[in-house]
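> Here it is, the structure in full.
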Amino acid sequence: MQSIDWRHSKSSLAESRVCGLVQQPVDGSHLCWIMELQIRIKLGENNFTGELPPLINGLNERPTLRLLELQHNQLYGCIPDFINFSMLIILNLSHNGFSGALPKLTGVSNLEVLDLSFNKLSGPIPAEWGHELRSLETLNLGSNFEIDGMIPAELGLIAGLGELDLSFNKLTGEIPDTLVKGHPWHKMEHLRLNNNQLTGSIPNEFATVAGHFFVFDLSHNKLTGTIPIEFGSHWKLEKFNLSSNELVGPIPQFGGCFNLEILDLSCNSLTGEIPNFHEMPRLEKLDLRCNNLSGKLPEFDESLVSFEFLVDNNPKLSGSIPASYSQLALSVDGTNVDEM
């Protein structure tokens with residue numbers, strides 16, 4: 001296969017994808033040279049291999065780089081620090097094999113998107129990111145599996161943060177309420193902290209702030225306490241997942257969640273009766289398995305023809321299946337519900 005000469009590719013690299021380039025190692029000096037000349041570099045999904053070179057002081061005091069997308073390649077090694085890249089807006093190094101600590105991001109105050117997901121990064125999340133990255137709108141560190149320590153309270157200083165994904169790591173401690181506290185018109189719409197080792201209760205601030213989540217996923221942690229009832233009025237909420245925690249108490253009324261599609265509260269210790277879920281025309285899946293729920297099955301709108309309702313392993317549930325369930329995908333194993 002013909003080799004790639006980075007030195008003669010500068011015109012085609014800016015503002016474009018390079019297709020069909022496989023099994024080619026990244027030459028560190030050439031890549032650094034390209035980054036010094038280009039404003040936008042989009043080289044995702046090209047099977048590039050190799051390491052990124054050290055990026056010293058805004059590339060020789062020419063911090064013109066605004067976009068760097070190298071996702072879905074085979075890059076490895078440590079991610080170099082990004083110092084004085086004052087024009088950088090998007091940094092996407094996801095879906096590679098980078099390892100080691102998270103990089104320093106100093107003088108990168110205009111960065112809006114930081115995606116380092118699906119790598120092998122480890123260690124704590126730098127608290128100073130909350131001070132340095134005030135323009136950040138998306139932070140994705142999901143599926144690194146080795147990022148540990150506590151979620152820095154300083155991330156709450158990023159008032160415009162709309163998407164935060166720290167899922168599938170080893171984060172511990174309580175969820176800081178500062179992520180939304182003090183920002184009454186916060187922009188957080190997608191929060192994924194699932195599959196960690198987080199403890200404590202769900203901060204009430206997440207349920208009471210003005211502005212609502214589309215996606216809220218804290219599943220597969222060690223959270224305790226009750227589900228704040230205020231979540232039931234989040235009309236923009238589409239996916240709500242608190243499964244596989246240690247939550248107790250009743251299920252709140254979700255009558256105000258008109259756009260809710262998936263509600264998963266399975267594998268907790270929730271008690272009481274199942275509330276009604278009327279006026280929720282978009283509901284596709286309700287998973288309440290493996291709790292301590294009691295009483296009878298609630299009525300549902302008969303228009304829910306593609307609705308999946310799972311209540312297995314709630315031994316205190318009893319009664320018969322309502323006629324409105326004729327079109328539902330229902331699972332009641334491990335209950336006392338009459339299936340006749």
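By convention in this document, the chains of the structure tokens carry letters A, B, ... by their order, each chain's residues are numbered from 1, and ligands are numbered from 1 in the order they are shown.
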Write out as a PyMOL selection string all residues of range 49-141 of chain A that DSSP puts in strand (DSSP E) for this structure's backbone.
chain A and resi 49-51+67-69+74-77+82-83+90-92+97-100+105-106+113-115+120-123+138-140
> Could you take the residues named above and write them with N, CA, C and O atoms, as a short mmCIF file (atom, residue, chain, number, x, y, z; two decimals), in the first residue's frame?

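As a result, part-v3.cif now contains:
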```cif
data_model
loop_
_atom_site.label_atom_id
_atom_site.label_comp_id
_atom_site.auth_asym_id
_atom_site.auth_seq_id
_atom_site.Cartn_x
_atom_site.Cartn_y
_atom_site.Cartn_z
N THR A 49 -2.42 4.77 13.26
CA THR A 49 -1.80 4.21 14.45
C THR A 49 -0.65 5.10 14.87
O THR A 49 -0.13 5.91 14.10
N GLY A 50 -0.23 4.95 16.13
CA GLY A 50 0.91 5.69 16.62
C GLY A 50 0.55 6.57 17.80
O GLY A 50 -0.54 6.48 18.36
N GLU A 51 1.49 7.41 18.19
CA GLU A 51 1.31 8.30 19.33
C GLU A 51 1.23 9.74 18.87
O GLU A 51 1.76 10.11 17.81
N LEU A 67 -10.19 23.02 15.71
CA LEU A 67 -10.88 21.73 15.75
C LEU A 67 -9.89 20.62 15.52
O LEU A 67 -9.12 20.66 14.55
N LEU A 68 -9.88 19.63 16.41
CA LEU A 68 -9.03 18.45 16.25
C LEU A 68 -9.88 17.21 16.50
O LEU A 68 -10.31 16.94 17.62
N GLU A 69 -10.17 16.48 15.42
CA GLU A 69 -10.98 15.26 15.51
C GLU A 69 -10.15 14.09 15.01
O GLU A 69 -9.86 13.98 13.81
N GLN A 74 -6.52 4.21 15.78
CA GLN A 74 -5.81 3.26 16.63
C GLN A 74 -4.61 3.93 17.28
O GLN A 74 -3.53 3.37 17.39
N LEU A 75 -4.84 5.15 17.73
CA LEU A 75 -3.79 5.91 18.39
C LEU A 75 -3.63 5.44 19.82
O LEU A 75 -4.59 5.00 20.46
N TYR A 76 -2.42 5.54 20.36
CA TYR A 76 -2.15 5.03 21.69
C TYR A 76 -1.14 5.93 22.40
O TYR A 76 -0.70 6.96 21.88
N GLY A 77 -0.77 5.50 23.61
CA GLY A 77 0.15 6.31 24.40
C GLY A 77 -0.60 7.35 25.21
O GLY A 77 -1.83 7.36 25.27
N PHE A 82 -2.49 20.09 26.48
CA PHE A 82 -2.84 21.15 25.55
C PHE A 82 -2.70 22.48 26.30
O PHE A 82 -3.52 22.81 27.15
N ILE A 83 -1.65 23.21 25.96
CA ILE A 83 -1.34 24.45 26.67
C ILE A 83 -1.44 25.62 25.69
O ILE A 83 -0.83 25.61 24.62
N ILE A 90 -13.19 22.33 19.60
CA ILE A 90 -13.58 20.92 19.67
C ILE A 90 -12.34 20.06 19.73
O ILE A 90 -11.44 20.18 18.89
N LEU A 91 -12.29 19.16 20.73
CA LEU A 91 -11.21 18.18 20.86
C LEU A 91 -11.85 16.81 21.03
O LEU A 91 -12.44 16.52 22.06
N ASN A 92 -11.75 15.99 19.99
CA ASN A 92 -12.36 14.66 20.01
C ASN A 92 -11.29 13.62 19.72
O ASN A 92 -10.84 13.47 18.58
N GLY A 97 -6.87 4.15 21.71
CA GLY A 97 -6.27 3.33 22.76
C GLY A 97 -5.40 4.14 23.68
O GLY A 97 -4.43 3.62 24.25
N PHE A 98 -5.72 5.43 23.86
CA PHE A 98 -4.92 6.28 24.74
C PHE A 98 -4.98 5.79 26.18
O PHE A 98 -6.02 5.33 26.66
N SER A 99 -3.87 5.92 26.87
CA SER A 99 -3.78 5.47 28.27
C SER A 99 -3.11 6.56 29.10
O SER A 99 -2.70 7.60 28.59
N GLY A 100 -3.02 6.29 30.41
CA GLY A 100 -2.38 7.26 31.28
C GLY A 100 -3.37 8.27 31.83
O GLY A 100 -4.59 8.12 31.69
N LEU A 105 -5.22 20.95 30.56
CA LEU A 105 -5.85 21.81 29.56
C LEU A 105 -5.80 23.23 30.08
O LEU A 105 -6.75 23.73 30.65
N THR A 106 -4.68 23.87 29.87
CA THR A 106 -4.43 25.21 30.40
C THR A 106 -4.44 26.22 29.25
O THR A 106 -3.80 26.00 28.22
N VAL A 113 -16.31 21.39 23.28
CA VAL A 113 -16.54 19.95 23.25
C VAL A 113 -15.25 19.22 23.57
O VAL A 113 -14.23 19.42 22.89
N LEU A 114 -15.28 18.38 24.60
CA LEU A 114 -14.14 17.55 24.97
C LEU A 114 -14.63 16.11 25.06
O LEU A 114 -15.40 15.75 25.95
N ASP A 115 -14.21 15.28 24.12
CA ASP A 115 -14.63 13.88 24.07
C ASP A 115 -13.39 12.99 24.07
O ASP A 115 -12.67 12.90 23.08
N LYS A 120 -8.41 4.17 27.30
CA LYS A 120 -7.95 3.42 28.47
C LYS A 120 -7.34 4.37 29.49
O LYS A 120 -6.38 4.04 30.17
N LEU A 121 -7.92 5.54 29.59
CA LEU A 121 -7.40 6.57 30.49
C LEU A 121 -7.69 6.20 31.94
O LEU A 121 -8.67 5.51 32.23
N SER A 122 -6.87 6.69 32.84
CA SER A 122 -7.01 6.32 34.25
C SER A 122 -6.70 7.52 35.14
O SER A 122 -6.23 8.56 34.68
N GLY A 123 -6.98 7.33 36.44
CA GLY A 123 -6.71 8.39 37.40
C GLY A 123 -7.88 9.33 37.58
O GLY A 123 -8.95 9.15 36.98
N THR A 138 -19.97 20.15 26.29
CA THR A 138 -20.02 18.69 26.30
C THR A 138 -18.73 18.14 26.88
O THR A 138 -17.64 18.48 26.40
N LEU A 139 -18.85 17.27 27.90
CA LEU A 139 -17.71 16.57 28.47
C LEU A 139 -18.03 15.09 28.50
O LEU A 139 -18.95 14.66 29.20
N ASN A 140 -17.28 14.31 27.73
CA ASN A 140 -17.53 12.87 27.64
C ASN A 140 -16.24 12.12 27.96
O ASN A 140 -15.27 12.16 27.19
#
```
> Find the residues near Ala159 in chain A: any atom within 12 Å, counting only C-alpha atoms, skip ones fewer than 2 places away on the same chain, and give them as a ChimeraX atom specification.
/A:112,130-131,133-138,154-157,161-163,178-188
> Could you write out that same residue set with N, CA, C and O atoms as a short mmCIF file (atom, residue, chain, number, x, y, z; two decimals), in the first residue's frame?

```
data_model
loop_
_atom_site.label_atom_id
_atom_site.label_comp_id
_atom_site.auth_asym_id
_atom_site.auth_seq_id
_atom_site.Cartn_x
_atom_site.Cartn_y
_atom_site.Cartn_z
N GLU A 112 -15.35 23.97 23.73
CA GLU A 112 -16.76 23.70 23.92
C GLU A 112 -17.07 22.20 23.99
O GLU A 112 -18.00 21.80 24.68
N GLY A 130 -12.59 22.59 36.02
CA GLY A 130 -13.74 23.44 36.33
C GLY A 130 -13.42 24.92 36.25
O GLY A 130 -14.30 25.75 35.96
N HIS A 131 -12.16 25.27 36.48
CA HIS A 131 -11.73 26.67 36.40
C HIS A 131 -11.28 27.04 34.99
O HIS A 131 -11.49 28.16 34.55
N LEU A 133 -12.09 25.43 31.95
CA LEU A 133 -12.94 25.13 30.80
C LEU A 133 -14.33 25.73 30.98
O LEU A 133 -15.35 25.04 30.88
N ARG A 134 -14.40 27.02 31.19
CA ARG A 134 -15.68 27.67 31.49
C ARG A 134 -16.63 27.71 30.29
O ARG A 134 -17.81 27.97 30.46
N SER A 135 -16.13 27.48 29.07
CA SER A 135 -16.98 27.50 27.88
C SER A 135 -17.48 26.11 27.49
O SER A 135 -18.21 25.97 26.51
N LEU A 136 -17.11 25.10 28.26
CA LEU A 136 -17.41 23.72 27.88
C LEU A 136 -18.91 23.46 27.88
O LEU A 136 -19.63 23.85 28.80
N GLU A 137 -19.38 22.79 26.82
CA GLU A 137 -20.78 22.41 26.70
C GLU A 137 -20.96 20.89 26.75
O GLU A 137 -22.00 20.41 27.20
N THR A 138 -19.97 20.15 26.29
CA THR A 138 -20.02 18.69 26.30
C THR A 138 -18.73 18.14 26.88
O THR A 138 -17.64 18.48 26.40
N GLU A 154 -15.80 21.16 41.41
CA GLU A 154 -15.48 22.32 40.59
C GLU A 154 -16.11 22.25 39.20
O GLU A 154 -16.21 23.28 38.51
N LEU A 155 -16.53 21.06 38.76
CA LEU A 155 -17.21 20.98 37.46
C LEU A 155 -18.48 21.81 37.46
O LEU A 155 -18.98 22.19 36.39
N GLY A 156 -19.01 22.08 38.63
CA GLY A 156 -20.19 22.92 38.72
C GLY A 156 -19.94 24.37 38.34
O GLY A 156 -20.89 25.14 38.16
N LEU A 157 -18.68 24.76 38.21
CA LEU A 157 -18.36 26.11 37.77
C LEU A 157 -18.62 26.31 36.29
O LEU A 157 -18.64 27.44 35.81
N LEU A 161 -22.51 23.73 30.83
CA LEU A 161 -22.34 22.31 30.55
C LEU A 161 -23.70 21.66 30.31
O LEU A 161 -24.54 21.58 31.19
N GLY A 162 -23.93 21.18 29.09
CA GLY A 162 -25.21 20.59 28.73
C GLY A 162 -25.20 19.08 28.69
O GLY A 162 -26.25 18.45 28.84
N GLU A 163 -24.03 18.49 28.47
CA GLU A 163 -23.92 17.03 28.42
C GLU A 163 -22.71 16.59 29.21
O GLU A 163 -21.59 17.02 28.94
N THR A 178 -23.22 20.58 43.27
CA THR A 178 -22.75 21.78 42.58
C THR A 178 -22.87 21.67 41.07
O THR A 178 -22.74 22.68 40.37
N LEU A 179 -23.09 20.46 40.54
CA LEU A 179 -23.21 20.32 39.09
C LEU A 179 -24.34 21.17 38.54
O LEU A 179 -24.32 21.58 37.38
N VAL A 180 -25.36 21.40 39.37
CA VAL A 180 -26.46 22.28 38.94
C VAL A 180 -26.78 23.35 39.97
O VAL A 180 -27.43 24.34 39.65
N LYS A 181 -26.34 23.18 41.20
CA LYS A 181 -26.65 24.15 42.25
C LYS A 181 -26.02 25.49 41.93
O LYS A 181 -24.86 25.58 41.52
N GLY A 182 -26.80 26.54 42.11
CA GLY A 182 -26.31 27.88 41.82
C GLY A 182 -26.52 28.31 40.38
O GLY A 182 -26.20 29.42 40.00
N HIS A 183 -27.07 27.36 39.56
CA HIS A 183 -27.37 27.68 38.17
C HIS A 183 -28.87 27.45 37.94
O HIS A 183 -29.27 26.41 37.41
N PRO A 184 -29.73 28.37 38.37
CA PRO A 184 -31.18 28.14 38.28
C PRO A 184 -31.67 27.91 36.86
O PRO A 184 -32.71 27.30 36.67
N TRP A 185 -30.91 28.39 35.88
CA TRP A 185 -31.29 28.15 34.48
C TRP A 185 -30.23 27.29 33.81
O TRP A 185 -29.83 27.53 32.69
N HIS A 186 -29.81 26.27 34.53
CA HIS A 186 -28.73 25.42 34.04
C HIS A 186 -29.10 24.78 32.71
O HIS A 186 -30.27 24.61 32.36
N LYS A 187 -28.08 24.40 31.94
CA LYS A 187 -28.29 23.83 30.61
C LYS A 187 -28.09 22.32 30.58
O LYS A 187 -28.12 21.73 29.50
N MET A 188 -27.88 21.69 31.72
CA MET A 188 -27.64 20.25 31.74
C MET A 188 -28.88 19.50 31.25
O MET A 188 -29.94 19.57 31.84
#
```
> Would you mind listing what lies within 9 Å of Val332 in chain A as a PyMOL selection string, with only C-alpha atoms counted and same-chain residues fewer than 5 positions away left out?
chain A and resi 289+309-314+337+339
> Take the residues that were just selected and, keeping N, CA, C and O atoms, output them as a compact mmCIF listing (two decimals), in the first residue's frame.

```
# COMPACT_ATOMS: atom_id res chain seq x y z
N ARG A 289 -38.72 -4.44 37.65
CA ARG A 289 -38.34 -5.75 38.16
C ARG A 289 -37.51 -5.66 39.45
O ARG A 289 -36.83 -4.68 39.69
N PHE A 309 -43.79 -3.86 29.61
CA PHE A 309 -43.97 -3.64 31.05
C PHE A 309 -43.40 -4.85 31.79
O PHE A 309 -43.89 -5.97 31.65
N LEU A 310 -42.35 -4.62 32.60
CA LEU A 310 -41.65 -5.69 33.29
C LEU A 310 -41.77 -5.49 34.79
O LEU A 310 -41.32 -4.48 35.32
N VAL A 311 -42.39 -6.47 35.47
CA VAL A 311 -42.55 -6.38 36.93
C VAL A 311 -42.12 -7.68 37.61
O VAL A 311 -42.52 -7.96 38.74
N ASP A 312 -41.30 -8.46 36.97
CA ASP A 312 -40.85 -9.73 37.54
C ASP A 312 -40.23 -9.54 38.92
O ASP A 312 -39.62 -8.50 39.22
N ASN A 313 -40.36 -10.58 39.74
CA ASN A 313 -39.71 -10.63 41.05
C ASN A 313 -40.12 -9.48 41.96
O ASN A 313 -39.29 -8.81 42.59
N ASN A 314 -41.42 -9.25 42.00
CA ASN A 314 -42.07 -8.41 43.01
C ASN A 314 -43.13 -9.30 43.67
O ASN A 314 -44.31 -9.23 43.31
N VAL A 337 -49.45 -12.29 40.56
CA VAL A 337 -50.44 -11.80 39.63
C VAL A 337 -51.04 -12.96 38.85
O VAL A 337 -50.30 -13.83 38.35
N GLU A 339 -52.30 -14.69 35.83
CA GLU A 339 -52.04 -14.50 34.41
C GLU A 339 -53.19 -15.01 33.55
O GLU A 339 -53.07 -15.02 32.31
```
> As a ChimeraX atom specification, please: the residues near Glu273 in chain A (cut-off 6 Å, only C-alpha atoms, same-chain neighbours under 6 positions excluded).
/A:293-295
> Output N, CA, C and O atoms for every residue in that selection, as a PDB file, in the first residue's frame.

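selection-v4.pdb was written with the following content:
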```pdb
ATOM      1  N   LEU A 293     -42.438  -4.105  45.484  1.00  0.00           N
ATOM      2  CA  LEU A 293     -43.703  -3.439  45.205  1.00  0.00           C
ATOM      3  C   LEU A 293     -44.886  -4.332  45.571  1.00  0.00           C
ATOM      4  O   LEU A 293     -44.790  -5.567  45.546  1.00  0.00           O
ATOM      5  N   SER A 294     -45.993  -3.687  45.897  1.00  0.00           N
ATOM      6  CA  SER A 294     -47.178  -4.430  46.350  1.00  0.00           C
ATOM      7  C   SER A 294     -48.424  -3.885  45.665  1.00  0.00           C
ATOM      8  O   SER A 294     -48.369  -2.919  44.898  1.00  0.00           O
ATOM      9  N   GLY A 295     -49.574  -4.515  45.960  1.00  0.00           N
ATOM     10  CA  GLY A 295     -50.831  -4.069  45.382  1.00  0.00           C
ATOM     11  C   GLY A 295     -51.092  -4.688  44.026  1.00  0.00           C
ATOM     12  O   GLY A 295     -50.516  -5.724  43.669  1.00  0.00           O
TER      13      GLY A 295
END
```
> Name the residues in contact with Lys170 in chain A at a cut-off of 7 Å, using only C-alpha atoms, excluding same-chain residues fewer than 5 positions from it; report them as a list of chain:residue names.
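In the requested format, the answer is A:Phe145, A:Glu146, A:Ile147, A:Asp148, A:Asn196, A:Gln197.
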> What is the distance, in Å and to one decimal place, between CA of Asn110 in chain A and CA of Ile41 in chain A?
16.9 Å
> Mind checking which residues fall within 9 Å of Leu263 in chain A, counting only C-alpha atoms, ignoring those fewer than 3 positions away in the same chain, and posting them as a list in words?
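My list of contacting residues is Glu238, Lys239, Phe240, Asn241, Leu242, Leu260, Leu283, Glu284, Lys285, Leu286, Asp287 and Leu288 of chain A.
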> Would you save the residues from that selection as a short mmCIF file (atom, residue, chain, number, x, y, z; two decimals), in the first residue's frame, using N, CA and C atoms?

```cif
data_model
loop_
_atom_site.label_atom_id
_atom_site.label_comp_id
_atom_site.auth_asym_id
_atom_site.auth_seq_id
_atom_site.Cartn_x
_atom_site.Cartn_y
_atom_site.Cartn_z
N GLU A 238 -36.94 12.10 28.63
CA GLU A 238 -37.19 11.01 27.69
C GLU A 238 -36.70 9.66 28.21
N LYS A 239 -35.55 9.65 28.85
CA LYS A 239 -34.99 8.40 29.38
C LYS A 239 -34.55 8.64 30.82
N PHE A 240 -35.09 7.83 31.73
CA PHE A 240 -34.81 7.98 33.16
C PHE A 240 -34.45 6.61 33.71
N ASN A 241 -33.20 6.44 34.13
CA ASN A 241 -32.71 5.12 34.54
C ASN A 241 -31.99 5.22 35.87
N LEU A 242 -32.59 4.59 36.88
CA LEU A 242 -31.98 4.50 38.21
C LEU A 242 -31.83 3.04 38.63
N LEU A 260 -41.79 10.99 28.20
CA LEU A 260 -41.00 9.88 28.70
C LEU A 260 -41.16 8.65 27.82
N LEU A 283 -44.50 6.44 26.04
CA LEU A 283 -43.86 5.43 26.89
C LEU A 283 -43.71 4.11 26.13
N GLU A 284 -42.46 3.62 26.07
CA GLU A 284 -42.15 2.38 25.36
C GLU A 284 -41.77 1.25 26.31
N LYS A 285 -41.14 1.59 27.42
CA LYS A 285 -40.68 0.54 28.33
C LYS A 285 -40.75 1.03 29.76
N LEU A 286 -41.35 0.21 30.63
CA LEU A 286 -41.41 0.47 32.06
C LEU A 286 -40.87 -0.77 32.76
N ASP A 287 -39.70 -0.65 33.37
CA ASP A 287 -39.03 -1.79 33.99
C ASP A 287 -38.98 -1.58 35.50
N LEU A 288 -39.77 -2.38 36.23
CA LEU A 288 -39.84 -2.30 37.70
C LEU A 288 -39.43 -3.62 38.34
#
```
> Skip Ala207 in chain A itself and residues of its chain fewer than 6 positions away, then list as a PyMOL selection string all residues within 12 Å of it, counting only C-alpha atoms.
chain A and resi 177+180-181+184+188+213+216+227-235+237+240+252
> Please, could you write that set of residues out with N, CA, C and O atoms as a PDB file, in the first residue's frame?

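Produced file selection_13.pdb, reproduced below:
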```
ATOM      1  N   ASP A 177     -23.744  18.202  44.394  1.00  0.00           N
ATOM      2  CA  ASP A 177     -24.912  18.993  43.981  1.00  0.00           C
ATOM      3  C   ASP A 177     -24.506  20.247  43.233  1.00  0.00           C
ATOM      4  O   ASP A 177     -25.336  20.905  42.594  1.00  0.00           O
ATOM      5  N   VAL A 180     -25.365  21.404  39.370  1.00  0.00           N
ATOM      6  CA  VAL A 180     -26.464  22.279  38.942  1.00  0.00           C
ATOM      7  C   VAL A 180     -26.782  23.352  39.971  1.00  0.00           C
ATOM      8  O   VAL A 180     -27.435  24.338  39.649  1.00  0.00           O
ATOM      9  N   LYS A 181     -26.336  23.182  41.203  1.00  0.00           N
ATOM     10  CA  LYS A 181     -26.646  24.147  42.247  1.00  0.00           C
ATOM     11  C   LYS A 181     -26.019  25.491  41.927  1.00  0.00           C
ATOM     12  O   LYS A 181     -24.861  25.582  41.522  1.00  0.00           O
ATOM     13  N   PRO A 184     -29.733  28.374  38.366  1.00  0.00           N
ATOM     14  CA  PRO A 184     -31.179  28.140  38.283  1.00  0.00           C
ATOM     15  C   PRO A 184     -31.670  27.908  36.863  1.00  0.00           C
ATOM     16  O   PRO A 184     -32.708  27.299  36.666  1.00  0.00           O
ATOM     17  N   MET A 188     -27.882  21.689  31.719  1.00  0.00           N
ATOM     18  CA  MET A 188     -27.644  20.251  31.743  1.00  0.00           C
ATOM     19  C   MET A 188     -28.875  19.499  31.246  1.00  0.00           C
ATOM     20  O   MET A 188     -29.944  19.567  31.840  1.00  0.00           O
ATOM     21  N   PHE A 213     -33.971  17.636  32.219  1.00  0.00           N
ATOM     22  CA  PHE A 213     -33.149  16.665  31.521  1.00  0.00           C
ATOM     23  C   PHE A 213     -33.924  15.968  30.414  1.00  0.00           C
ATOM     24  O   PHE A 213     -35.110  15.699  30.537  1.00  0.00           O
ATOM     25  N   PHE A 216     -31.342  11.025  31.883  1.00  0.00           N
ATOM     26  CA  PHE A 216     -30.847  11.039  33.259  1.00  0.00           C
ATOM     27  C   PHE A 216     -30.569   9.591  33.630  1.00  0.00           C
ATOM     28  O   PHE A 216     -31.487   8.791  33.831  1.00  0.00           O
ATOM     29  N   ILE A 227     -36.314   8.437  45.674  1.00  0.00           N
ATOM     30  CA  ILE A 227     -36.336   9.152  44.396  1.00  0.00           C
ATOM     31  C   ILE A 227     -37.072  10.470  44.609  1.00  0.00           C
ATOM     32  O   ILE A 227     -38.239  10.470  44.992  1.00  0.00           O
ATOM     33  N   PRO A 228     -36.431  11.597  44.387  1.00  0.00           N
ATOM     34  CA  PRO A 228     -37.117  12.891  44.575  1.00  0.00           C
ATOM     35  C   PRO A 228     -38.388  12.981  43.730  1.00  0.00           C
ATOM     36  O   PRO A 228     -38.371  12.710  42.525  1.00  0.00           O
ATOM     37  N   ILE A 229     -39.478  13.364  44.362  1.00  0.00           N
ATOM     38  CA  ILE A 229     -40.767  13.375  43.668  1.00  0.00           C
ATOM     39  C   ILE A 229     -40.815  14.418  42.559  1.00  0.00           C
ATOM     40  O   ILE A 229     -41.628  14.314  41.636  1.00  0.00           O
ATOM     41  N   GLU A 230     -39.948  15.422  42.629  1.00  0.00           N
ATOM     42  CA  GLU A 230     -39.986  16.496  41.638  1.00  0.00           C
ATOM     43  C   GLU A 230     -39.632  16.012  40.232  1.00  0.00           C
ATOM     44  O   GLU A 230     -39.947  16.678  39.241  1.00  0.00           O
ATOM     45  N   PHE A 231     -38.971  14.860  40.120  1.00  0.00           N
ATOM     46  CA  PHE A 231     -38.674  14.337  38.788  1.00  0.00           C
ATOM     47  C   PHE A 231     -39.947  14.079  37.994  1.00  0.00           C
ATOM     48  O   PHE A 231     -39.930  14.071  36.762  1.00  0.00           O
ATOM     49  N   GLY A 232     -41.053  13.846  38.678  1.00  0.00           N
ATOM     50  CA  GLY A 232     -42.298  13.539  37.997  1.00  0.00           C
ATOM     51  C   GLY A 232     -42.874  14.674  37.182  1.00  0.00           C
ATOM     52  O   GLY A 232     -43.829  14.473  36.424  1.00  0.00           O
ATOM     53  N   SER A 233     -42.318  15.867  37.299  1.00  0.00           N
ATOM     54  CA  SER A 233     -42.827  17.016  36.534  1.00  0.00           C
ATOM     55  C   SER A 233     -41.869  17.464  35.438  1.00  0.00           C
ATOM     56  O   SER A 233     -42.070  18.510  34.839  1.00  0.00           O
ATOM     57  N   HIS A 234     -40.829  16.676  35.170  1.00  0.00           N
ATOM     58  CA  HIS A 234     -39.866  17.036  34.133  1.00  0.00           C
ATOM     59  C   HIS A 234     -40.427  16.674  32.764  1.00  0.00           C
ATOM     60  O   HIS A 234     -40.246  15.568  32.262  1.00  0.00           O
ATOM     61  N   TRP A 235     -41.080  17.611  32.134  1.00  0.00           N
ATOM     62  CA  TRP A 235     -41.831  17.319  30.915  1.00  0.00           C
ATOM     63  C   TRP A 235     -40.935  16.998  29.726  1.00  0.00           C
ATOM     64  O   TRP A 235     -41.376  16.350  28.776  1.00  0.00           O
ATOM     65  N   LEU A 237     -38.231  15.092  29.936  1.00  0.00           N
ATOM     66  CA  LEU A 237     -37.527  13.850  30.221  1.00  0.00           C
ATOM     67  C   LEU A 237     -37.943  12.745  29.250  1.00  0.00           C
ATOM     68  O   LEU A 237     -39.122  12.476  29.064  1.00  0.00           O
ATOM     69  N   PHE A 240     -35.088   7.830  31.734  1.00  0.00           N
ATOM     70  CA  PHE A 240     -34.812   7.978  33.163  1.00  0.00           C
ATOM     71  C   PHE A 240     -34.454   6.605  33.709  1.00  0.00           C
ATOM     72  O   PHE A 240     -35.288   5.699  33.736  1.00  0.00           O
ATOM     73  N   PRO A 252     -42.403   7.752  42.531  1.00  0.00           N
ATOM     74  CA  PRO A 252     -43.144   9.013  42.376  1.00  0.00           C
ATOM     75  C   PRO A 252     -44.135   8.945  41.218  1.00  0.00           C
ATOM     76  O   PRO A 252     -44.024   8.104  40.320  1.00  0.00           O
TER      77      PRO A 252
END
```
> By how many Å are CA of Leu43 in chain A and CA of His190 in chain A apart?
26.6 Å
> So that I can check the secondary structure, give me every residue of range 86-317 of chain A assigned helix (DSSP H, G or I) by backbone DSSP, as number ranges by chain.
A: 129-132, 153-157, 177-179, 205-208, 229-233
